[in-house]
>>> print(open('upload_23.cif').read())   # mmCIF, C-alpha atoms and all ligand atoms
data_coords
loop_
_atom_site.label_atom_id
_atom_site.label_comp_id
_atom_site.auth_asym_id
_atom_site.auth_seq_id
_atom_site.Cartn_x
_atom_site.Cartn_y
_atom_site.Cartn_z
CA MET O 1 69.46 76.44 105.21
CA LYS O 2 72.51 78.18 103.80
CA LYS O 3 73.26 81.67 105.14
CA LYS O 4 73.18 84.41 102.54
CA VAL O 5 76.18 86.71 101.93
CA MET O 6 75.97 89.78 99.74
CA VAL O 7 79.31 90.43 98.04
CA GLY O 8 80.20 93.95 96.92
CA MET O 9 81.44 93.19 93.39
CA SER O 10 83.42 95.80 91.48
CA GLY O 11 84.34 93.67 88.48
CA GLY O 12 87.87 93.47 89.92
CA ILE O 13 89.86 90.42 90.93
CA ASP O 14 89.59 90.75 94.70
CA SER O 15 85.82 90.83 94.93
CA SER O 16 85.46 88.17 92.23
CA VAL O 17 87.67 85.79 94.24
CA THR O 18 85.81 86.77 97.43
CA ALA O 19 82.54 85.56 95.86
CA TYR O 20 84.18 82.29 94.81
CA MET O 21 85.64 81.62 98.26
CA LEU O 22 82.40 82.26 100.10
CA GLN O 23 80.50 79.96 97.79
CA LYS O 24 83.10 77.24 98.39
CA ASP O 25 82.65 77.85 102.12
CA GLY O 26 78.97 76.94 101.78
CA PHE O 27 77.27 80.34 101.72
CA GLU O 28 74.49 81.38 99.40
CA VAL O 29 76.22 84.20 97.52
CA GLU O 30 74.68 87.17 95.74
CA GLY O 31 76.60 90.06 94.22
CA VAL O 32 75.90 93.78 94.11
CA TYR O 33 77.59 96.32 91.85
CA LEU O 34 77.43 99.97 92.91
CA LYS O 35 77.23 102.63 90.26
CA LEU O 36 79.16 105.36 92.02
CA HIS O 37 79.53 107.97 89.33
CA ASN O 38 77.65 109.15 86.29
CA ARG O 39 80.34 108.13 83.85
CA THR O 40 79.15 107.63 80.31
CA ASP O 41 82.37 106.26 78.81
CA GLY O 42 81.37 102.61 79.10
CA TYR O 43 83.07 102.26 82.50
CA HIS O 44 80.07 100.68 84.24
CA GLU O 45 79.16 98.46 81.26
CA LYS O 46 82.72 97.08 81.25
CA ASN O 47 82.68 96.32 84.97
CA ILE O 48 79.23 94.78 84.79
CA GLY O 49 80.43 92.60 81.87
CA TYR O 50 83.11 91.07 84.13
CA ILE O 51 80.60 90.58 86.94
CA LYS O 52 78.10 88.92 84.60
CA ASP O 53 80.73 86.37 83.46
CA VAL O 54 81.76 85.57 87.04
CA ALA O 55 78.13 85.34 88.16
CA GLU O 56 77.38 82.92 85.31
CA TYR O 57 80.39 80.77 86.19
CA LEU O 58 79.38 80.64 89.86
CA GLY O 59 75.66 80.44 89.10
CA ILE O 60 74.82 83.37 91.37
CA LYS O 61 72.44 86.31 91.17
CA TYR O 62 73.78 89.86 90.99
CA HIS O 63 72.19 93.28 91.48
CA ILE O 64 73.05 96.75 90.24
CA LEU O 65 72.55 99.55 92.74
CA ASP O 66 72.70 103.13 91.51
CA LEU O 67 74.20 105.28 94.28
CA ALA O 68 75.63 107.97 92.02
CA ASP O 69 73.67 110.85 93.61
CA LYS O 70 74.56 109.81 97.15
CA PHE O 71 78.19 109.28 96.15
CA THR O 72 78.32 112.76 94.58
CA GLN O 73 76.96 114.36 97.75
CA GLU O 74 78.91 112.37 100.32
CA VAL O 75 82.21 111.71 98.60
CA TYR O 76 82.81 113.64 95.37
CA ASP O 77 81.65 117.09 96.54
CA TYR O 78 83.53 116.67 99.81
CA PHE O 79 86.67 115.80 97.80
CA VAL O 80 86.47 118.94 95.66
CA ASP O 81 85.51 121.18 98.62
CA SER O 82 88.48 119.94 100.64
CA TYR O 83 90.96 121.18 98.03
CA LEU O 84 89.10 124.49 97.80
CA GLN O 85 89.48 124.81 101.58
CA GLY O 86 93.18 123.92 101.47
CA THR O 87 92.87 120.53 103.16
CA THR O 88 93.78 117.07 101.86
CA PRO O 89 90.73 114.80 101.59
CA ASN O 90 90.43 111.05 101.96
CA PRO O 91 87.46 110.05 99.80
CA CYS O 92 87.86 106.27 100.31
CA VAL O 93 87.34 106.71 104.05
CA LYS O 94 84.09 108.63 103.46
CA CYS O 95 82.97 106.07 100.88
CA ASN O 96 83.55 103.14 103.22
CA ARG O 97 81.50 104.75 105.99
CA GLN O 98 78.63 106.23 103.98
CA ILE O 99 78.45 104.16 100.83
CA LYS O 100 79.95 100.67 101.10
CA PHE O 101 79.22 100.01 104.76
CA GLY O 102 76.31 102.46 104.90
CA ALA O 103 74.05 102.28 101.85
CA MET O 104 75.40 98.97 100.48
CA LEU O 105 75.07 97.32 103.90
CA LYS O 106 71.46 98.50 104.11
CA PHE O 107 70.86 96.98 100.67
CA ALA O 108 72.36 93.67 101.86
CA LYS O 109 70.15 93.64 104.96
CA ASP O 110 67.06 94.55 102.90
CA HIS O 111 67.84 91.48 100.77
CA LYS O 112 67.97 89.29 103.88
CA ALA O 113 71.71 88.72 103.73
CA SER O 114 73.34 87.78 107.04
CA TYR O 115 76.65 89.34 105.95
CA LEU O 116 78.19 91.81 103.54
CA ALA O 117 81.57 90.72 102.15
CA THR O 118 84.12 92.70 100.18
CA GLY O 119 87.62 92.14 98.82
CA HIS O 120 89.19 94.59 101.28
CA TYR O 121 92.50 93.52 102.79
CA ALA O 122 91.71 93.84 106.50
CA LYS O 123 90.42 91.63 109.31
CA THR O 124 87.44 91.93 111.61
CA ASP O 125 86.10 89.91 114.52
CA GLY O 126 82.80 91.81 114.50
CA LYS O 127 84.00 94.27 117.14
CA PHE O 128 87.25 95.65 115.78
CA PHE O 129 89.22 95.91 112.57
CA TYR O 130 92.75 94.55 112.39
CA GLU O 131 95.53 94.96 109.85
CA ALA O 132 95.62 92.38 107.06
CA ASP O 133 98.46 89.87 106.90
CA ASP O 134 99.63 91.41 103.60
CA LYS O 135 100.87 94.69 105.05
CA THR O 136 101.55 96.13 101.59
CA LYS O 137 97.81 95.90 100.81
CA ASP O 138 96.40 96.55 104.28
CA GLN O 139 93.26 98.76 104.12
CA SER O 140 92.39 98.96 107.82
CA TYR O 141 93.28 102.69 107.75
CA PHE O 142 90.46 103.33 105.24
CA LEU O 143 87.89 101.34 107.24
CA SER O 144 88.44 103.05 110.57
CA GLN O 145 85.52 105.49 110.27
CA VAL O 146 82.96 102.72 109.67
CA GLU O 147 80.31 102.76 112.40
CA LYS O 148 80.81 100.05 115.01
CA GLU O 149 77.23 98.78 114.48
CA ALA O 150 78.25 97.70 110.94
CA LEU O 151 81.15 95.46 112.00
CA PRO O 152 79.19 92.32 112.97
CA TYR O 153 77.93 92.10 109.37
CA MET O 154 81.27 92.42 107.64
CA MET O 155 83.42 89.69 106.10
CA PHE O 156 86.81 90.04 104.42
CA PRO O 157 87.79 86.58 103.15
CA LEU O 158 91.07 87.83 101.62
CA SER O 159 92.49 89.06 104.93
CA THR O 160 95.06 86.29 105.29
CA TYR O 161 96.21 86.18 101.66
CA LYS O 162 98.77 88.04 99.64
CA LYS O 163 97.44 89.91 96.62
CA GLU O 164 99.91 88.14 94.30
CA ASP O 165 98.56 84.73 95.45
CA ILE O 166 94.98 85.86 94.77
CA ILE O 167 95.96 86.81 91.21
CA LYS O 168 97.76 83.48 90.62
CA PHE O 169 94.82 81.57 92.06
CA ALA O 170 92.28 83.46 89.93
CA ALA O 171 94.24 83.05 86.71
CA GLN O 172 93.90 79.26 86.81
CA LEU O 173 90.27 79.23 87.98
CA ASP O 174 88.24 79.94 84.86
CA VAL O 175 88.33 82.09 81.77
CA ALA O 176 85.91 84.58 83.42
CA TYR O 177 88.55 85.12 86.12
CA LYS O 178 91.56 84.97 83.83
CA LYS O 179 90.14 87.87 81.81
CA ILE O 180 89.94 90.00 84.96
CA THR O 181 93.54 89.23 85.92
CA GLU O 182 94.60 90.53 82.52
CA LYS O 183 92.94 93.94 82.82
CA ASN O 184 94.68 96.93 84.36
CA GLU O 185 94.64 97.30 88.15
CA SER O 186 92.01 99.76 89.32
CA GLN O 187 92.98 103.38 90.05
CA GLU O 188 93.81 104.44 93.57
CA ILE O 189 90.75 106.73 93.78
CA CYS O 190 88.00 105.39 91.55
CA PHE O 191 86.90 108.74 90.10
CA VAL O 192 90.41 110.18 89.63
CA GLU O 193 91.70 108.94 86.31
CA THR O 194 95.05 110.74 86.41
CA VAL O 195 95.72 113.44 89.02
CA TYR O 196 93.39 115.11 91.52
CA THR O 197 93.84 118.55 89.95
CA ASP O 198 92.07 117.28 86.79
CA VAL O 199 88.97 116.70 88.91
CA VAL O 200 89.18 119.93 90.91
CA LYS O 201 89.71 122.12 87.83
CA LYS O 202 86.29 121.10 86.49
CA HIS O 203 84.81 123.04 89.41
CA ALA O 204 87.19 125.91 90.13
CA ASN O 205 89.95 127.97 88.60
CA ILE O 206 92.96 126.33 90.15
CA ASP O 207 95.49 128.45 88.28
CA ILE O 208 95.38 131.75 90.17
CA PRO O 209 99.02 132.57 91.03
CA GLY O 210 99.88 133.96 94.45
CA ASP O 211 102.67 134.64 96.94
CA VAL O 212 104.88 132.12 98.66
CA LEU O 213 105.59 133.13 102.28
CA ASP O 214 108.35 132.00 104.63
CA GLN O 215 107.71 130.95 108.23
CA GLN O 216 107.82 134.60 109.34
CA GLY O 217 105.26 135.74 106.75
CA ASN O 218 107.71 137.41 104.34
CA VAL O 219 107.01 137.07 100.61
CA VAL O 220 109.80 134.90 99.19
CA GLY O 221 108.41 133.63 95.88
CA LYS O 222 105.45 132.76 93.67
CA HIS O 223 103.10 129.78 93.37
CA LYS O 224 100.81 128.82 90.50
CA GLY O 225 97.55 128.39 92.49
CA TYR O 226 97.25 127.02 96.01
CA MET O 227 95.17 124.01 94.98
CA HIS O 228 98.20 122.56 93.18
CA TYR O 229 99.89 121.94 96.56
CA THR O 230 99.52 119.69 99.55
CA ILE O 231 101.49 119.72 102.81
CA GLY O 232 105.03 118.45 102.29
CA LYS O 233 105.16 119.20 98.56
CA ARG O 234 108.52 120.58 97.46
CA ARG O 235 108.13 121.47 93.80
CA GLY O 236 106.17 123.76 91.53
CA PHE O 237 106.82 127.06 93.37
CA THR O 238 109.74 129.48 93.60
CA VAL O 239 111.74 130.54 96.65
CA ASP O 240 114.13 133.39 95.88
CA GLY O 241 117.73 132.61 96.67
CA ALA O 242 117.05 129.20 98.27
CA HIS O 243 119.90 126.69 98.24
CA VAL O 244 118.16 123.90 100.17
CA PRO O 245 114.79 122.25 99.44
CA HIS O 246 111.70 124.01 100.74
CA PHE O 247 108.46 122.24 101.59
CA VAL O 248 104.87 123.46 101.80
CA THR O 249 103.90 123.72 105.49
CA LYS O 250 100.57 125.58 105.21
CA LEU O 251 97.95 126.57 102.64
CA ASP O 252 95.93 129.76 103.08
CA PRO O 253 93.04 129.77 100.57
CA LYS O 254 91.61 133.06 101.88
CA ASN O 255 94.72 135.00 100.97
CA ASN O 256 95.80 132.66 98.15
CA THR O 257 99.19 132.15 99.76
CA ILE O 258 101.25 129.11 100.60
CA VAL O 259 103.78 128.96 103.43
CA VAL O 260 107.04 127.08 102.95
CA GLY O 261 109.99 126.14 105.11
CA GLU O 262 112.95 123.81 105.39
CA LYS O 263 112.42 120.19 106.45
CA ASP O 264 112.33 120.96 110.19
CA ALA O 265 109.39 123.34 109.62
CA LEU O 266 107.29 120.26 108.75
CA GLU O 267 107.83 118.80 112.21
CA VAL O 268 104.67 118.08 114.16
CA ASN O 269 104.40 116.97 117.81
CA PHE O 270 100.73 117.72 118.57
CA VAL O 271 97.67 116.90 116.48
CA THR O 272 94.00 117.67 117.10
CA ALA O 273 91.39 115.43 115.48
CA ASN O 274 87.60 115.78 115.27
CA ASN O 275 84.60 113.68 114.17
CA LEU O 276 85.94 110.75 116.12
CA ASN O 277 84.83 107.20 115.50
CA MET O 278 85.94 105.14 118.47
CA TYR O 279 85.70 101.38 119.03
CA ILE O 280 86.79 101.72 122.69
CA ASP O 281 85.28 103.82 125.49
CA ASP O 282 88.52 105.11 127.06
CA THR O 283 89.13 108.85 126.93
CA LYS O 284 92.81 108.75 127.85
CA PHE O 285 95.15 106.13 126.44
CA ASN O 286 98.52 105.40 124.85
CA CYS O 287 98.56 103.85 121.39
CA GLY O 288 100.16 103.95 117.95
CA VAL O 289 98.83 106.45 115.41
CA LYS O 290 99.02 106.59 111.63
CA LEU O 291 98.65 110.12 110.36
CA ARG O 292 98.29 109.14 106.72
CA TYR O 293 97.94 105.92 104.73
CA ARG O 294 101.25 104.08 104.48
CA SER O 295 102.91 106.21 107.16
CA VAL O 296 104.74 104.47 109.95
CA THR O 297 102.95 104.12 113.26
CA THR O 298 104.03 106.71 115.82
CA GLU O 299 103.58 106.14 119.56
CA CYS O 300 101.37 108.75 121.20
CA GLU O 301 99.17 109.71 124.11
CA VAL O 302 95.55 110.54 123.30
CA ILE O 303 93.17 112.58 125.43
CA ILE O 304 89.57 112.86 124.28
CA ASN O 305 87.78 115.96 125.44
CA ASP O 306 84.62 117.57 124.07
CA SER O 307 84.52 115.00 121.22
CA LYS O 308 87.98 116.01 120.03
CA ALA O 309 91.21 114.06 120.38
CA ILE O 310 94.39 115.79 121.47
CA ILE O 311 97.23 113.59 120.25
CA LYS O 312 100.65 114.07 121.80
CA LEU O 313 103.27 112.32 119.65
CA LYS O 314 106.21 110.62 121.39
CA GLN O 315 108.42 111.19 118.34
CA PRO O 316 107.86 114.00 115.84
CA ALA O 317 106.05 113.33 112.56
CA PHE O 318 106.68 115.24 109.35
CA GLY O 319 104.26 116.57 106.76
CA VAL O 320 100.96 115.97 108.53
CA ALA O 321 98.01 117.40 106.57
CA ALA O 322 94.71 118.71 107.90
CA GLY O 323 91.89 116.69 106.34
CA GLN O 324 93.71 113.35 106.57
CA LEU O 325 92.73 110.74 109.11
CA ALA O 326 94.53 109.95 112.37
CA VAL O 327 93.99 106.23 112.97
CA PHE O 328 94.67 104.78 116.42
CA TYR O 329 96.17 101.28 116.64
CA ASP O 330 96.71 98.96 119.57
CA GLY O 331 99.19 96.64 117.85
CA GLN O 332 97.31 95.44 114.76
CA LYS O 333 93.92 96.39 116.19
CA VAL O 334 92.21 99.60 115.08
CA ILE O 335 90.76 101.25 118.18
CA GLY O 336 89.39 104.39 116.54
CA SER O 337 90.09 107.37 114.32
CA GLY O 338 89.47 111.08 113.84
CA TRP O 339 89.92 113.71 111.12
CA ILE O 340 93.02 115.88 111.51
CA GLU O 341 91.99 119.47 112.20
CA ASN O 342 95.18 121.14 113.43
CA THR O 343 98.83 120.38 113.96
CA SER O 344 101.57 122.11 115.90
CA LYS O 345 105.22 121.84 116.79
N1 LIG W 1 81.56 99.65 92.50
C1 LIG W 1 81.55 98.73 93.48
N2 LIG W 1 80.46 97.99 93.71
C2 LIG W 1 80.44 97.06 94.70
N3 LIG W 1 81.47 96.80 95.50
C3 LIG W 1 82.61 97.50 95.29
C4 LIG W 1 82.71 98.50 94.28
N4 LIG W 1 83.95 99.03 94.33
C5 LIG W 1 84.60 98.38 95.33
N5 LIG W 1 83.79 97.47 95.92
C6 LIG W 1 84.12 96.54 97.03
O1 LIG W 1 85.08 97.13 97.88
C7 LIG W 1 86.29 96.34 97.87
C8 LIG W 1 87.50 97.23 97.99
O2 LIG W 1 87.50 98.11 96.92
P1 LIG W 1 88.87 98.71 96.36
O3 LIG W 1 88.53 99.56 95.19
O4 LIG W 1 89.61 99.28 97.49
O5 LIG W 1 89.67 97.39 96.03
P2 LIG W 1 90.23 96.63 94.78
O6 LIG W 1 91.48 95.98 95.28
O7 LIG W 1 90.30 97.45 93.57
O8 LIG W 1 89.12 95.47 94.68
P3 LIG W 1 88.66 94.69 93.39
O9 LIG W 1 89.87 93.93 92.90
O10 LIG W 1 87.57 93.79 93.88
O11 LIG W 1 88.19 95.76 92.42
C9 LIG W 1 86.22 95.55 96.56
O12 LIG W 1 86.98 94.36 96.64
C10 LIG W 1 84.73 95.26 96.46
O13 LIG W 1 84.35 94.18 97.30
#
>>> encode(input="upload_23.cif", output="structure tokens")
Amino acid sequence: MKKKVMVGMSGGIDSSVTAYMLQKDGFEVEGVYLKLHNRTDGYHEKNIGYIKDVAEYLGIKYHILDLADKFTQEVYDYFVDSYLQGTTPNPCVKCNRQIKFGAMLKFAKDHKASYLATGHYAKTDGKFFYEADDKTKDQSYFLSQVEKEALPYMMFPLSTYKKEDIIKFAAQLDVAYKKITEKNESQEICFVETVYTDVVKKHANIDIPGDVLDQQGNVVGKHKGYMHYTIGKRRGFTVDGAHVPHFVTKLDPKNNTIVVGEKDALEVNFVTANNLNMYIDDTKFNCGVKLRYRSVTTECEVIINDSKAIIKLKQPAFGVAAGQLAVFYDGQKVIGSGWIENTSK
């Protein structure tokens, strides 16, 4: 009997090709579309239209799973709260852990699927994640908080392909696929249509001006509301008499101030991370660490104590934001991750 694979289908090209590939590989494929927000602008209907066409072409069944309430609680509210608290959130990381490889995986198991497949660009051997071959699309960073118990069920058939080859392949497959290749690429964060401030301002007044402080705490200028800034930002505030660029080094929501400094003030050599998700048992190790998506890997020493990681960087990093994820790599292998709580020079 064929093994069943549930494919997380978004209506996009990657998951549509994933479904095709797995069927060609001899699996019984079913699709599931997650409704992740309560949008009423035809967004879901459009996506489901693409999925319906692909499902008809492949002759597969698809399901629609409404997770909007759970997504609001676990991902959206966390996203807004993070900016209110002056930290920089990573909603895709939360979504992968709680929604895609939490609730969607449960749905797949409830439907007797042996695996859950998605169009993520990453690799897994059931124990670890690894970077995808297409480094420009690699999503291992975003997967690194997924619970280790979920890994044996996960499949990423696109892990060895380049995105451009997937698009070329899809365009010649069938009209159902060609149509998808012609639509716009999806947004970076699915519920942020333009900029994050448009989302946050629905829930808070983000335009309360305040003081800009220098590294010594002196008032040196004005900002237009602390939620407009993230660590490393260098525009949108004033610094009296400054002749060189100044960067945001700290946000203080309580006092509605932002702290700025010259480039060297962004330097970080020590990072503390909490809420660790580790795929290895060691509590002291050397590894590479990425302190944000698309950053270079920095060599470091990690000591885990009291469920926190103290990360000592071997070269300084610049512009590290609390709220982002520190992801530990052993070469291409993801060995764990934790949420950045504090940084210091
Ligand atoms: N609403 C959804 N319902 C079900 N699965 C989803 C949904 N959104 C994303 N996924 C799954 O997660 C994978 C990664 O999503 P992401 O948004 O990062 O990628 P993408 O490159 O836009 O993928 P796609 O081209 O398939 O839309 C998708 O390929 C798909 O398998």
>>> closest_residue(input="upload_23.cif", among="O:Ile310, O:Val302, O:Val289, O:Leu251", to="Thr87 in chain O", atoms="all atoms listed in the file")
O:Leu251
>>> residues_near_ligand(input="upload_23.cif", ligand="ligand LIG 1 (chain W)", cutoff="7 Å", atoms="all atoms listed in the file", output="mmCIF file with C-alpha atoms, in the coordinates of the input")
data_model
loop_
_atom_site.group_PDB
_atom_site.id
_atom_site.type_symbol
_atom_site.label_atom_id
_atom_site.label_comp_id
_atom_site.auth_asym_id
_atom_site.auth_seq_id
_atom_site.Cartn_x
_atom_site.Cartn_y
_atom_site.Cartn_z
ATOM 1 C CA VAL O 7 79.310 90.430 98.040
ATOM 2 C CA GLY O 8 80.200 93.950 96.920
ATOM 3 C CA MET O 9 81.440 93.190 93.390
ATOM 4 C CA SER O 10 83.420 95.800 91.480
ATOM 5 C CA GLY O 11 84.340 93.670 88.480
ATOM 6 C CA GLY O 12 87.870 93.470 89.920
ATOM 7 C CA ILE O 13 89.860 90.420 90.930
ATOM 8 C CA ASP O 14 89.590 90.750 94.700
ATOM 9 C CA SER O 15 85.820 90.830 94.930
ATOM 10 C CA SER O 16 85.460 88.170 92.230
ATOM 11 C CA VAL O 32 75.900 93.780 94.110
ATOM 12 C CA TYR O 33 77.590 96.320 91.850
ATOM 13 C CA LEU O 34 77.430 99.970 92.910
ATOM 14 C CA LYS O 35 77.230 102.630 90.260
ATOM 15 C CA LEU O 36 79.160 105.360 92.020
ATOM 16 C CA LYS O 100 79.950 100.670 101.100
ATOM 17 C CA ALA O 117 81.570 90.720 102.150
ATOM 18 C CA THR O 118 84.120 92.700 100.180
ATOM 19 C CA GLY O 119 87.620 92.140 98.820
ATOM 20 C CA HIS O 120 89.190 94.590 101.280
ATOM 21 C CA GLU O 185 94.640 97.300 88.150
ATOM 22 C CA SER O 186 92.010 99.760 89.320
ATOM 23 C CA CYS O 190 88.000 105.390 91.550
#
>>> atom_distance(input="upload_23.cif", atom1="CA of Val175 in chain O", atom2="CA of Val5 in chain O")
24.0 Å
>>> atom_distance(input="upload_23.cif", atom1="CA of Lys202 in chain O", atom2="CA of Lys94 in chain O")
21.2 Å
>>> residues_around(input="upload_23.cif", residues="Gly31 in chain O", least_positions_apart="6", cutoff="12 Å", atoms="only C-alpha atoms", output="number ranges by chain")
O: 4-11, 15-20, 22-23, 48, 51-52, 54-56, 58-65, 104, 107-108, 111, 113, 115-118
>>> closest_residue(input="upload_23.cif", among="O:Gln98, O:Asp281, O:Ile258, O:Pro89", to="Glu74 in chain O", atoms="all atoms listed in the file")
O:Gln98
>>> residues_near_point(input="upload_23.cif", point="(101.3, 92.6, 103.7)", cutoff="10 Å", atoms="all atoms listed in the file", output="PyMOL selection string")
chain O and resi 121+131-138+159-163
>>> atom_distance(input="upload_23.cif", atom1="CA of Ser307 in chain O", atom2="CA of Ala326 in chain O")
14.3 Å
>>> closest_residue(input="upload_23.cif", among="O:Gly221, O:Gly26, O:Gly49, O:Gly42", to="Met1 in chain O", atoms="all atoms listed in the file")
O:Gly26
>>> closest_residue(input="upload_23.cif", among="O:Tyr226, O:Gln139, O:Thr197, O:Glu164", to="Thr181 in chain O", atoms="all atoms listed in the file")
O:Glu164
>>> closest_residue(input="upload_23.cif", among="O:Asp214, O:Asp41, O:Asp330, O:Asp282", to="Cys300 in chain O", atoms="only C-alpha atoms")
O:Asp330
>>> closest_residue(input="upload_23.cif", among="O:Asp77, O:Asp252, O:Asp66, O:Asp25", to="Gly225 in chain O", atoms="all atoms listed in the file")
O:Asp252
>>> residues_around(input="upload_23.cif", residues="Lys224 in chain O", least_positions_apart="6", cutoff="9 Å", atoms="all atoms listed in the file", output="ChimeraX atom specification")
/O:206-211,236-237
>>> residues_near_point(input="upload_23.cif", point="(76.5, 102.2, 104.4)", cutoff="12 Å", atoms="only C-alpha atoms", output="PyMOL selection string")
chain O and resi 8+34+67+70-71+74+93-109+116+143+145-151+153-154
>>> build_atoms(input="upload_23.cif", residues="range 226-242 of chain O", atoms="N, CA and C atoms", output="mmCIF file, keeping the file's coordinate frame")
data_model
loop_
_atom_site.group_PDB
_atom_site.id
_atom_site.type_symbol
_atom_site.label_atom_id
_atom_site.label_comp_id
_atom_site.auth_asym_id
_atom_site.auth_seq_id
_atom_site.Cartn_x
_atom_site.Cartn_y
_atom_site.Cartn_z
ATOM 1 N N TYR O 226 97.025 127.817 94.799
ATOM 2 C CA TYR O 226 97.250 127.020 96.010
ATOM 3 C C TYR O 226 96.735 125.583 95.918
ATOM 4 N N MET O 227 95.737 125.366 95.042
ATOM 5 C CA MET O 227 95.170 124.010 94.980
ATOM 6 C C MET O 227 96.105 122.989 94.323
ATOM 7 N N HIS O 228 97.202 123.478 93.756
ATOM 8 C CA HIS O 228 98.200 122.560 93.180
ATOM 9 C C HIS O 228 99.061 121.914 94.264
ATOM 10 N N TYR O 229 98.933 122.374 95.522
ATOM 11 C CA TYR O 229 99.890 121.940 96.560
ATOM 12 C C TYR O 229 99.199 121.216 97.712
ATOM 13 N N THR O 230 99.943 120.308 98.293
ATOM 14 C CA THR O 230 99.520 119.690 99.550
ATOM 15 C C THR O 230 100.704 119.795 100.517
ATOM 16 N N ILE O 231 100.427 119.567 101.794
ATOM 17 C CA ILE O 231 101.490 119.720 102.810
ATOM 18 C C ILE O 231 102.646 118.753 102.496
ATOM 19 N N GLY O 232 103.848 119.290 102.535
ATOM 20 C CA GLY O 232 105.030 118.450 102.290
ATOM 21 C C GLY O 232 105.529 118.524 100.861
ATOM 22 N N LYS O 233 104.733 119.133 99.955
ATOM 23 C CA LYS O 233 105.160 119.200 98.560
ATOM 24 C C LYS O 233 106.372 120.118 98.434
ATOM 25 N N ARG O 234 107.292 119.775 97.534
ATOM 26 C CA ARG O 234 108.520 120.580 97.460
ATOM 27 C C ARG O 234 108.831 121.100 96.066
ATOM 28 N N ARG O 235 107.879 120.976 95.162
ATOM 29 C CA ARG O 235 108.130 121.470 93.800
ATOM 30 C C ARG O 235 106.976 122.305 93.292
ATOM 31 N N GLY O 236 107.250 123.042 92.223
ATOM 32 C CA GLY O 236 106.170 123.760 91.530
ATOM 33 C C GLY O 236 105.979 125.173 92.041
ATOM 34 N N PHE O 237 106.888 125.665 92.910
ATOM 35 C CA PHE O 237 106.820 127.060 93.370
ATOM 36 C C PHE O 237 108.255 127.597 93.440
ATOM 37 N N THR O 238 108.384 128.919 93.533
ATOM 38 C CA THR O 238 109.740 129.480 93.600
ATOM 39 C C THR O 238 110.029 130.016 95.005
ATOM 40 N N VAL O 239 111.282 129.916 95.399
ATOM 41 C CA VAL O 239 111.740 130.540 96.650
ATOM 42 C C VAL O 239 113.031 131.275 96.291
ATOM 43 N N ASP O 240 112.969 132.603 96.317
ATOM 44 C CA ASP O 240 114.130 133.390 95.880
ATOM 45 C C ASP O 240 115.369 133.073 96.708
ATOM 46 N N GLY O 241 116.429 132.783 96.016
ATOM 47 C CA GLY O 241 117.730 132.610 96.670
ATOM 48 C C GLY O 241 117.873 131.353 97.520
ATOM 49 N N ALA O 242 116.965 130.390 97.403
ATOM 50 C CA ALA O 242 117.050 129.200 98.270
ATOM 51 C C ALA O 242 118.093 128.221 97.736
#
